[in-house]
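Just work_11.cif here, mmCIF, C-alpha atoms:
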data_upload
#
loop_
_atom_site.group_PDB
_atom_site.id
_atom_site.type_symbol
_atom_site.label_atom_id
_atom_site.label_comp_id
_atom_site.auth_asym_id
_atom_site.auth_seq_id
_atom_site.Cartn_x
_atom_site.Cartn_y
_atom_site.Cartn_z
ATOM 1 C CA MET F 1 -118.708 90.490 -35.766
ATOM 2 C CA GLU F 2 -119.216 87.274 -33.834
ATOM 3 C CA HIS F 3 -122.770 86.294 -32.923
ATOM 4 C CA THR F 4 -123.220 84.251 -29.753
ATOM 5 C CA VAL F 5 -126.142 81.937 -29.302
ATOM 6 C CA ARG F 6 -127.725 81.883 -25.868
ATOM 7 C CA PRO F 7 -127.968 78.402 -24.334
ATOM 8 C CA ARG F 8 -131.453 76.991 -23.812
ATOM 9 C CA VAL F 9 -131.070 76.539 -20.075
ATOM 10 C CA PRO F 10 -130.642 79.605 -17.833
ATOM 11 C CA PRO F 11 -127.997 79.712 -15.084
ATOM 12 C CA GLY F 12 -128.756 77.677 -11.972
ATOM 13 C CA GLN F 13 -131.279 75.404 -13.715
ATOM 14 C CA THR F 14 -131.311 71.605 -14.202
ATOM 15 C CA VAL F 15 -133.218 69.950 -17.059
ATOM 16 C CA ILE F 16 -135.814 67.404 -15.912
ATOM 17 C CA GLN F 17 -138.094 64.967 -17.738
ATOM 18 C CA GLY F 18 -141.143 65.091 -15.447
ATOM 19 C CA PHE F 19 -143.441 68.021 -14.764
ATOM 20 C CA PRO F 20 -143.553 68.808 -11.020
ATOM 21 C CA VAL F 21 -146.774 70.100 -9.530
ATOM 22 C CA LEU F 22 -146.083 73.168 -7.406
ATOM 23 C CA HIS F 23 -148.728 75.533 -6.058
ATOM 24 C CA TYR F 24 -150.056 77.091 -2.904
ATOM 25 C CA GLY F 25 -153.477 76.101 -1.585
ATOM 26 C CA GLU F 26 -156.214 73.848 -2.919
ATOM 27 C CA ILE F 27 -156.640 72.649 -6.488
ATOM 28 C CA PRO F 28 -159.966 73.842 -7.886
ATOM 29 C CA ARG F 29 -162.151 71.052 -9.263
ATOM 30 C CA TYR F 30 -164.750 72.033 -11.841
ATOM 31 C CA LYS F 31 -167.598 69.639 -12.495
ATOM 32 C CA ASP F 32 -169.288 71.964 -14.971
ATOM 33 C CA LEU F 33 -167.888 74.941 -16.884
ATOM 34 C CA ARG F 34 -171.252 76.528 -17.772
ATOM 35 C CA ASN F 35 -170.750 79.097 -14.990
ATOM 36 C CA TRP F 36 -167.010 79.574 -15.578
ATOM 37 C CA ASP F 37 -165.860 82.750 -17.293
ATOM 38 C CA LEU F 38 -162.759 84.810 -17.982
ATOM 39 C CA ARG F 39 -163.136 88.508 -17.265
ATOM 40 C CA LEU F 40 -160.972 91.164 -18.965
ATOM 41 C CA PHE F 41 -161.353 94.451 -17.104
ATOM 42 C CA GLY F 42 -159.722 97.517 -15.565
ATOM 43 C CA ALA F 43 -158.167 100.308 -17.620
ATOM 44 C CA VAL F 44 -159.879 99.308 -20.865
ATOM 45 C CA GLU F 45 -162.390 100.877 -23.245
ATOM 46 C CA SER F 46 -164.851 98.039 -22.660
ATOM 47 C CA GLU F 47 -164.812 95.124 -20.236
ATOM 48 C CA VAL F 48 -165.573 91.695 -21.632
ATOM 49 C CA ARG F 49 -166.315 88.212 -20.320
ATOM 50 C CA PHE F 50 -165.678 85.006 -22.222
ATOM 51 C CA THR F 51 -167.385 81.744 -21.411
ATOM 52 C CA TYR F 52 -165.178 78.678 -21.736
ATOM 53 C CA ALA F 53 -166.929 77.768 -24.997
ATOM 54 C CA GLU F 54 -166.407 81.283 -26.397
ATOM 55 C CA LEU F 55 -162.751 81.376 -25.389
ATOM 56 C CA THR F 56 -161.885 77.950 -26.782
ATOM 57 C CA ALA F 57 -163.705 78.774 -30.044
ATOM 58 C CA LEU F 58 -161.241 81.600 -30.764
ATOM 59 C CA PRO F 59 -158.356 80.943 -33.184
ATOM 60 C CA THR F 60 -155.798 78.870 -31.326
ATOM 61 C CA THR F 61 -152.032 78.787 -31.311
ATOM 62 C CA ARG F 62 -149.818 75.774 -30.680
ATOM 63 C CA LEU F 63 -146.596 76.686 -28.890
ATOM 64 C CA VAL F 64 -143.468 74.665 -28.186
ATOM 65 C CA ALA F 65 -141.457 76.313 -25.419
ATOM 66 C CA ASP F 66 -138.898 75.669 -22.716
ATOM 67 C CA ILE F 67 -140.114 76.484 -19.198
ATOM 68 C CA HIS F 68 -138.088 77.327 -16.091
ATOM 69 C CA CYS F 69 -139.138 77.110 -12.443
ATOM 70 C CA VAL F 70 -137.712 79.376 -9.761
ATOM 71 C CA THR F 71 -136.982 76.204 -7.719
ATOM 72 C CA GLY F 72 -134.262 75.272 -10.231
ATOM 73 C CA TRP F 73 -135.788 72.916 -12.787
ATOM 74 C CA SER F 74 -136.249 73.475 -16.513
ATOM 75 C CA LYS F 75 -138.352 71.415 -18.907
ATOM 76 C CA LEU F 76 -137.563 71.611 -22.600
ATOM 77 C CA ASP F 77 -139.941 71.461 -25.575
ATOM 78 C CA THR F 78 -143.224 71.674 -23.673
ATOM 79 C CA VAL F 79 -146.261 71.856 -25.974
ATOM 80 C CA TRP F 80 -149.169 74.193 -25.206
ATOM 81 C CA GLU F 81 -152.340 75.164 -27.025
ATOM 82 C CA GLY F 82 -154.580 78.131 -26.410
ATOM 83 C CA VAL F 83 -155.196 81.697 -27.469
ATOM 84 C CA ARG F 84 -152.430 84.292 -27.634
ATOM 85 C CA PHE F 85 -152.901 86.992 -25.031
ATOM 86 C CA ARG F 86 -152.362 89.750 -27.583
ATOM 87 C CA ASP F 87 -155.197 88.344 -29.729
ATOM 88 C CA LEU F 88 -157.650 89.278 -26.963
ATOM 89 C CA LEU F 89 -156.680 92.957 -26.886
ATOM 90 C CA HIS F 90 -158.978 94.125 -29.652
ATOM 91 C CA TYR F 91 -161.947 92.962 -27.557
ATOM 92 C CA VAL F 92 -161.082 95.304 -24.656
ATOM 93 C CA ARG F 93 -158.686 97.949 -26.063
ATOM 94 C CA PRO F 94 -156.471 98.946 -23.123
ATOM 95 C CA LEU F 95 -156.460 102.673 -22.375
ATOM 96 C CA PRO F 96 -153.333 104.734 -23.101
ATOM 97 C CA GLY F 97 -150.993 104.408 -20.141
ATOM 98 C CA ALA F 98 -152.336 101.007 -19.029
ATOM 99 C CA GLU F 99 -148.899 99.418 -19.031
ATOM 100 C CA TYR F 100 -149.438 96.618 -16.495
ATOM 101 C CA VAL F 101 -151.453 93.426 -16.332
ATOM 102 C CA ILE F 102 -152.625 91.821 -13.104
ATOM 103 C CA VAL F 103 -153.639 88.206 -13.664
ATOM 104 C CA HIS F 104 -156.314 86.982 -11.249
ATOM 105 C CA ALA F 105 -156.716 83.274 -10.510
ATOM 106 C CA GLU F 106 -158.825 81.144 -8.193
ATOM 107 C CA TYR F 107 -158.586 81.687 -4.423
ATOM 108 C CA GLY F 108 -157.434 85.289 -4.787
ATOM 109 C CA PHE F 109 -154.053 84.432 -6.323
ATOM 110 C CA THR F 110 -152.575 87.173 -8.533
ATOM 111 C CA THR F 111 -149.422 87.780 -10.501
ATOM 112 C CA ASN F 112 -148.283 90.984 -12.150
ATOM 113 C CA LEU F 113 -146.610 91.500 -15.526
ATOM 114 C CA PRO F 114 -145.766 94.474 -17.707
ATOM 115 C CA LEU F 115 -148.042 94.667 -20.742
ATOM 116 C CA TRP F 116 -145.032 94.575 -23.079
ATOM 117 C CA ARG F 117 -144.106 91.120 -21.707
ATOM 118 C CA MET F 118 -147.640 89.854 -22.279
ATOM 119 C CA MET F 119 -147.532 90.988 -25.915
ATOM 120 C CA ALA F 120 -144.813 88.462 -26.846
ATOM 121 C CA ASP F 121 -145.599 85.863 -29.525
ATOM 122 C CA ASN F 122 -145.177 83.059 -26.994
ATOM 123 C CA VAL F 123 -147.613 84.223 -24.283
ATOM 124 C CA LEU F 124 -150.727 82.058 -24.253
ATOM 125 C CA LEU F 125 -153.835 81.467 -22.257
ATOM 126 C CA ALA F 126 -153.657 77.694 -22.571
ATOM 127 C CA TRP F 127 -156.162 74.914 -22.061
ATOM 128 C CA LYS F 128 -154.057 72.095 -23.536
ATOM 129 C CA TYR F 129 -150.665 70.639 -22.665
ATOM 130 C CA ASN F 130 -149.029 67.925 -24.797
ATOM 131 C CA ASP F 131 -152.170 67.647 -26.956
ATOM 132 C CA GLN F 132 -154.386 66.840 -23.969
ATOM 133 C CA SER F 133 -156.613 69.032 -21.837
ATOM 134 C CA LEU F 134 -154.647 70.488 -18.933
ATOM 135 C CA THR F 135 -155.032 68.495 -15.738
ATOM 136 C CA PRO F 136 -156.461 70.293 -12.701
ATOM 137 C CA GLU F 137 -153.010 70.100 -11.054
ATOM 138 C CA HIS F 138 -151.469 72.011 -13.966
ATOM 139 C CA GLY F 139 -154.143 74.694 -14.173
ATOM 140 C CA TRP F 140 -157.237 73.371 -15.996
ATOM 141 C CA PRO F 141 -159.381 74.917 -17.300
ATOM 142 C CA LEU F 142 -157.080 77.865 -18.124
ATOM 143 C CA ARG F 143 -153.448 78.635 -17.457
ATOM 144 C CA LEU F 144 -151.288 81.570 -18.428
ATOM 145 C CA VAL F 145 -148.040 80.513 -20.133
ATOM 146 C CA VAL F 146 -145.187 83.060 -20.132
ATOM 147 C CA PRO F 147 -142.122 80.971 -21.045
ATOM 148 C CA ASP F 148 -139.665 83.896 -20.942
ATOM 149 C CA LEU F 149 -140.130 84.273 -17.164
ATOM 150 C CA TYR F 150 -139.903 81.933 -14.183
ATOM 151 C CA PHE F 151 -142.990 79.778 -14.198
ATOM 152 C CA TRP F 152 -144.675 81.258 -11.100
ATOM 153 C CA LYS F 153 -145.635 84.101 -13.451
ATOM 154 C CA SER F 154 -147.584 81.518 -15.519
ATOM 155 C CA ALA F 155 -150.584 81.514 -13.199
ATOM 156 C CA LYS F 156 -152.825 78.457 -13.012
ATOM 157 C CA TRP F 157 -156.649 78.569 -12.852
ATOM 158 C CA VAL F 158 -156.886 82.020 -14.456
ATOM 159 C CA ARG F 159 -160.226 83.822 -14.059
ATOM 160 C CA GLY F 160 -159.442 87.474 -14.795
ATOM 161 C CA ILE F 161 -157.046 89.784 -16.560
ATOM 162 C CA GLU F 162 -156.923 93.309 -15.204
ATOM 163 C CA PHE F 163 -155.263 96.132 -17.133
ATOM 164 C CA SER F 164 -153.744 98.746 -14.841
ATOM 165 C CA PHE F 165 -151.981 102.093 -14.931
ATOM 166 C CA GLU F 166 -149.768 100.975 -12.047
ATOM 167 C CA ASP F 167 -147.841 97.840 -11.175
ATOM 168 C CA ARG F 168 -149.215 95.896 -8.191
ATOM 169 C CA PRO F 169 -147.138 92.989 -6.896
ATOM 170 C CA GLY F 170 -148.932 89.642 -6.946
ATOM 171 C CA PHE F 171 -149.076 86.829 -4.402
ATOM 172 C CA TRP F 172 -145.523 85.487 -4.771
ATOM 173 C CA GLU F 173 -144.048 88.915 -5.358
ATOM 174 C CA ARG F 174 -145.478 90.101 -2.021
ATOM 175 C CA ALA F 175 -144.000 86.940 -0.457
ATOM 176 C CA GLY F 176 -140.465 87.928 -1.506
ATOM 177 C CA TYR F 177 -140.104 86.728 -5.085
ATOM 178 C CA HIS F 178 -138.571 89.100 -7.620
ATOM 179 C CA ASN F 179 -141.050 91.436 -9.308
ATOM 180 C CA GLU F 180 -139.892 90.576 -12.826
ATOM 181 C CA GLY F 181 -138.702 86.955 -12.631
ATOM 182 C CA ASP F 182 -136.324 86.789 -15.609
ATOM 183 C CA PRO F 183 -134.545 83.396 -15.422
ATOM 184 C CA TRP F 184 -131.626 84.576 -17.582
ATOM 185 C CA LEU F 185 -130.888 87.262 -14.999
ATOM 186 C CA GLU F 186 -131.623 84.839 -12.109
ATOM 187 C CA GLN F 187 -134.277 87.199 -10.756
ATOM 188 C CA ARG F 188 -135.536 84.681 -8.216
ATOM 189 C CA TYR F 189 -136.031 86.739 -5.075
ATOM 190 C CA ALA F 190 -136.349 90.424 -4.273
#
Please go through the file and, once you have read it, give me the structure as structure tokens.
Amino acid sequence: MEHTVRPRVPPGQTVIQGFPVLHYGEIPRYKDLRNWDLRLFGAVESEVRFTYAELTALPTTRLVADIHCVTGWSKLDTVWEGVRFRDLLHYVRPLPGAEYVIVHAEYGFTTNLPLWRMMADNVLLAWKYNDQSLTPEHGWPLRLVVPDLYFWKSAKWVRGIEFSFEDRPGFWERAGYHNEGDPWLEQRYA
């Protein structure tokens, strides 16, 4: 039986060297993180809040991943550091049937993902990129990184993770982007 290896770059994508800054709205600027927190809530046994110091004190993971933007660019071998999403689950224990995650970011931005996608080894809540703190333009102090999906699903400026029994389309999904966003299937728009 012949085994085929999938190429690194999905259809319709072009590899770039830079890292474009794409977002909607203002870039939040934090002078002080003492009042910043990450809230995990919704269909869970117990809600929890992490301060920035508490979150960044958790065991970290370094990830090298290729990323793909719905606008057609791909960047290979990006380096991220943060905490794996799945490593946070024992703090909140999602309820049976809570199969969706709604990620909440600054300015009311949301994106939706199935819980099974978030459980992948390569899904991080990252605070570092290329061994440096994220820049505000790229999501500092905290960015979701989901390399298996188009990068709009990797929300910048994350403030909350809601566990839900039902899927609720996020900001870009309501604006016409595909609900799942798999670059290998070219799920760009609904």
Query raised in the report: Counting all atoms listed in the file, what is within 6 Å of Ala190 in chain F, bar same-chain residues fewer than 2 positions away, as a list in words?
Result: Gly176, Tyr177 and His178 of chain F
Report task. Starting from the shown file, work through the PyMOL selection byres ((chain F and resi 86) around 9) and note down what comes out as a PyMOL selection string. Result -> chain F and resi 83-85+87-90+118-121+123-124
Query - Result set of the PyMOL selection byres ((chain F and resi 58) around 12) on the coordinates above, as a PyMOL selection string - result: chain F and resi 50-57+59-61+81-85+87-88+91+125-126
Requested in this report: Please write as a ChimeraX atom specification the full residue list that the PyMOL selection byres ((chain F and resi 151-161) around 6) yields on this file.
Outcome: /F:38-40,68-69,102-106,139,142-146,150,162
Query - Pairwise distance for CA of Asp77 in chain F and CA of Trp184 in chain F, rounded to one decimal in Å - result: 17.5 Å
Query raised in the report: Need the neighbours of (-137.0, 74.8, -7.6): which residues are at most 12 Å away, counting only C-alpha atoms, as a VMD selection string?
Result: chain F and resid 12 to 16 19 to 23 68 to 75 150 to 152 183 188
Query raised in the report: Between CA of Val44 in chain F and CA of Ser164 in chain F, what is the spacing in Å?
Result: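 Distance between the two atoms: 8.6 Å.
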Query raised in the report: So which one's closest to Val101 in chain F, F:Arg168, F:Arg29, F:Arg174, F:Arg8? Using only C-alpha atoms, please.
Result: F:Arg168
Requested in this report: Find the residues near Tyr129 in chain F: any atom within 6 Å, counting only C-alpha atoms, skip ones fewer than 3 places away on the same chain, and give them as an MDAnalysis selection string.
Outcome: chainID F and resid 79:80 132 134
**Report entry** Selected residue, from F:Pro96, F:Pro136, F:Pro28, F:Pro114, that lies nearest to Asn179 in chain F when counting all atoms listed in the file
**Finding:**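 Using all atoms listed in the file, Asn179 in chain F sits closest to F:Pro114.
The coordinates place CA of Ala43 in chain F at 28.8 Å from CA of Tyr189 in chain F.
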Query - Shell around Glu180 in chain F at 8 Å using all atoms listed in the file, local window under 3 positions removed, as a PyMOL selection string - result: chain F and resi 113+149+187
Please save C-alpha atoms of the selected residues as a PDB file, keeping the file's coordinate frame.
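Dumped to part.pdb:
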ATOM      1  CA  LEU F 113    -146.610  91.500 -15.526  1.00  0.00           C
ATOM      2  CA  LEU F 149    -140.130  84.273 -17.164  1.00  0.00           C
ATOM      3  CA  GLN F 187    -134.277  87.199 -10.756  1.00  0.00           C
TER       4      GLN F 187
END
Query raised in the report: With only C-alpha atoms as the atoms that count, which of F:Lys128, F:His138, F:Arg117, F:Arg93 lies nearest to Glu47 in chain F?
Result: F:Arg93
Report task. Would you mind telling me which residue in F:Thr78, F:Asn35, F:Gln17, F:Ser46 lies nearest to Pro147 in chain F when using all atoms listed in the file? Result -> F:Thr78
**Report entry** Nearest to Phe165 in chain F by atom-to-atom distance, counting only C-alpha atoms, from F:Trp127, F:Trp116, F:Tyr100, F:Trp140
**Finding:**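 Residue with the minimum atom-to-atom distance to Phe165 in chain F: F:Tyr100.
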With 5 Å on each side, where is the centre of the axis-aligned box around all listed atoms of range 53-71 of chain F, and how long are its edges in Å to one decimal, as lines of an AutoDock Vina configuration file?
center_x = -152.0
center_y = 78.1
center_z = -20.5
size_x = 39.9
size_y = 16.9
size_z = 35.5
Provide range 81-108 of chain F rebuilt to N, CA and C atoms, formatted as a short mmCIF file (atom, residue, chain, number, x, y, z; two decimals), in the coordinates of the input.
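Once everything was written out, this is rebuild-v2.cif:
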data_model
loop_
_atom_site.label_atom_id
_atom_site.label_comp_id
_atom_site.auth_asym_id
_atom_site.auth_seq_id
_atom_site.Cartn_x
_atom_site.Cartn_y
_atom_site.Cartn_z
N GLU F 81 -151.38 74.66 -26.04
CA GLU F 81 -152.34 75.16 -27.02
C GLU F 81 -153.34 76.06 -26.32
N GLY F 82 -153.63 77.18 -26.97
CA GLY F 82 -154.58 78.13 -26.41
C GLY F 82 -154.66 79.35 -27.31
N VAL F 83 -155.07 80.45 -26.72
CA VAL F 83 -155.20 81.70 -27.47
C VAL F 83 -154.07 82.63 -27.02
N ARG F 84 -153.45 83.31 -27.99
CA ARG F 84 -152.43 84.29 -27.63
C ARG F 84 -153.07 85.44 -26.86
N PHE F 85 -152.40 85.87 -25.82
CA PHE F 85 -152.90 86.99 -25.03
C PHE F 85 -153.18 88.20 -25.92
N ARG F 86 -152.23 88.53 -26.77
CA ARG F 86 -152.36 89.75 -27.58
C ARG F 86 -153.56 89.68 -28.53
N ASP F 87 -154.03 88.48 -28.85
CA ASP F 87 -155.20 88.34 -29.73
C ASP F 87 -156.50 88.71 -29.03
N LEU F 88 -156.46 88.87 -27.72
CA LEU F 88 -157.65 89.28 -26.96
C LEU F 88 -157.77 90.80 -26.84
N LEU F 89 -156.70 91.52 -27.16
CA LEU F 89 -156.68 92.96 -26.89
C LEU F 89 -157.70 93.76 -27.68
N HIS F 90 -158.02 93.33 -28.88
CA HIS F 90 -158.98 94.12 -29.65
C HIS F 90 -160.40 94.03 -29.09
N TYR F 91 -160.63 93.06 -28.21
CA TYR F 91 -161.95 92.96 -27.56
C TYR F 91 -162.11 94.00 -26.45
N VAL F 92 -160.99 94.39 -25.81
CA VAL F 92 -161.08 95.30 -24.66
C VAL F 92 -160.42 96.65 -24.90
N ARG F 93 -159.43 96.72 -25.76
CA ARG F 93 -158.69 97.95 -26.06
C ARG F 93 -158.21 98.65 -24.79
N PRO F 94 -157.02 98.27 -24.31
CA PRO F 94 -156.47 98.95 -23.12
C PRO F 94 -156.36 100.45 -23.35
N LEU F 95 -156.57 101.22 -22.31
CA LEU F 95 -156.46 102.67 -22.38
C LEU F 95 -154.99 103.09 -22.46
N PRO F 96 -154.71 104.24 -23.07
CA PRO F 96 -153.33 104.73 -23.10
C PRO F 96 -152.80 104.85 -21.67
N GLY F 97 -151.59 104.37 -21.47
CA GLY F 97 -150.99 104.41 -20.14
C GLY F 97 -151.24 103.17 -19.30
N ALA F 98 -152.11 102.27 -19.75
CA ALA F 98 -152.34 101.01 -19.03
C ALA F 98 -151.21 100.06 -19.41
N GLU F 99 -150.12 100.13 -18.67
CA GLU F 99 -148.90 99.42 -19.03
C GLU F 99 -148.66 98.16 -18.21
N TYR F 100 -149.61 97.78 -17.35
CA TYR F 100 -149.44 96.62 -16.50
C TYR F 100 -150.66 95.71 -16.59
N VAL F 101 -150.40 94.44 -16.35
CA VAL F 101 -151.45 93.43 -16.33
C VAL F 101 -151.38 92.70 -15.00
N ILE F 102 -152.52 92.60 -14.33
CA ILE F 102 -152.62 91.82 -13.10
C ILE F 102 -153.50 90.61 -13.46
N VAL F 103 -152.92 89.43 -13.35
CA VAL F 103 -153.64 88.21 -13.66
C VAL F 103 -154.26 87.68 -12.38
N HIS F 104 -155.57 87.47 -12.41
CA HIS F 104 -156.31 86.98 -11.25
C HIS F 104 -156.66 85.51 -11.47
N ALA F 105 -156.42 84.70 -10.44
CA ALA F 105 -156.72 83.27 -10.51
C ALA F 105 -157.61 82.89 -9.33
N GLU F 106 -157.98 81.63 -9.29
CA GLU F 106 -158.82 81.14 -8.19
C GLU F 106 -158.17 81.43 -6.84
N TYR F 107 -159.00 81.51 -5.81
CA TYR F 107 -158.59 81.69 -4.42
C TYR F 107 -157.82 82.98 -4.18
N GLY F 108 -158.04 83.99 -5.01
CA GLY F 108 -157.43 85.29 -4.79
C GLY F 108 -155.98 85.40 -5.22
#
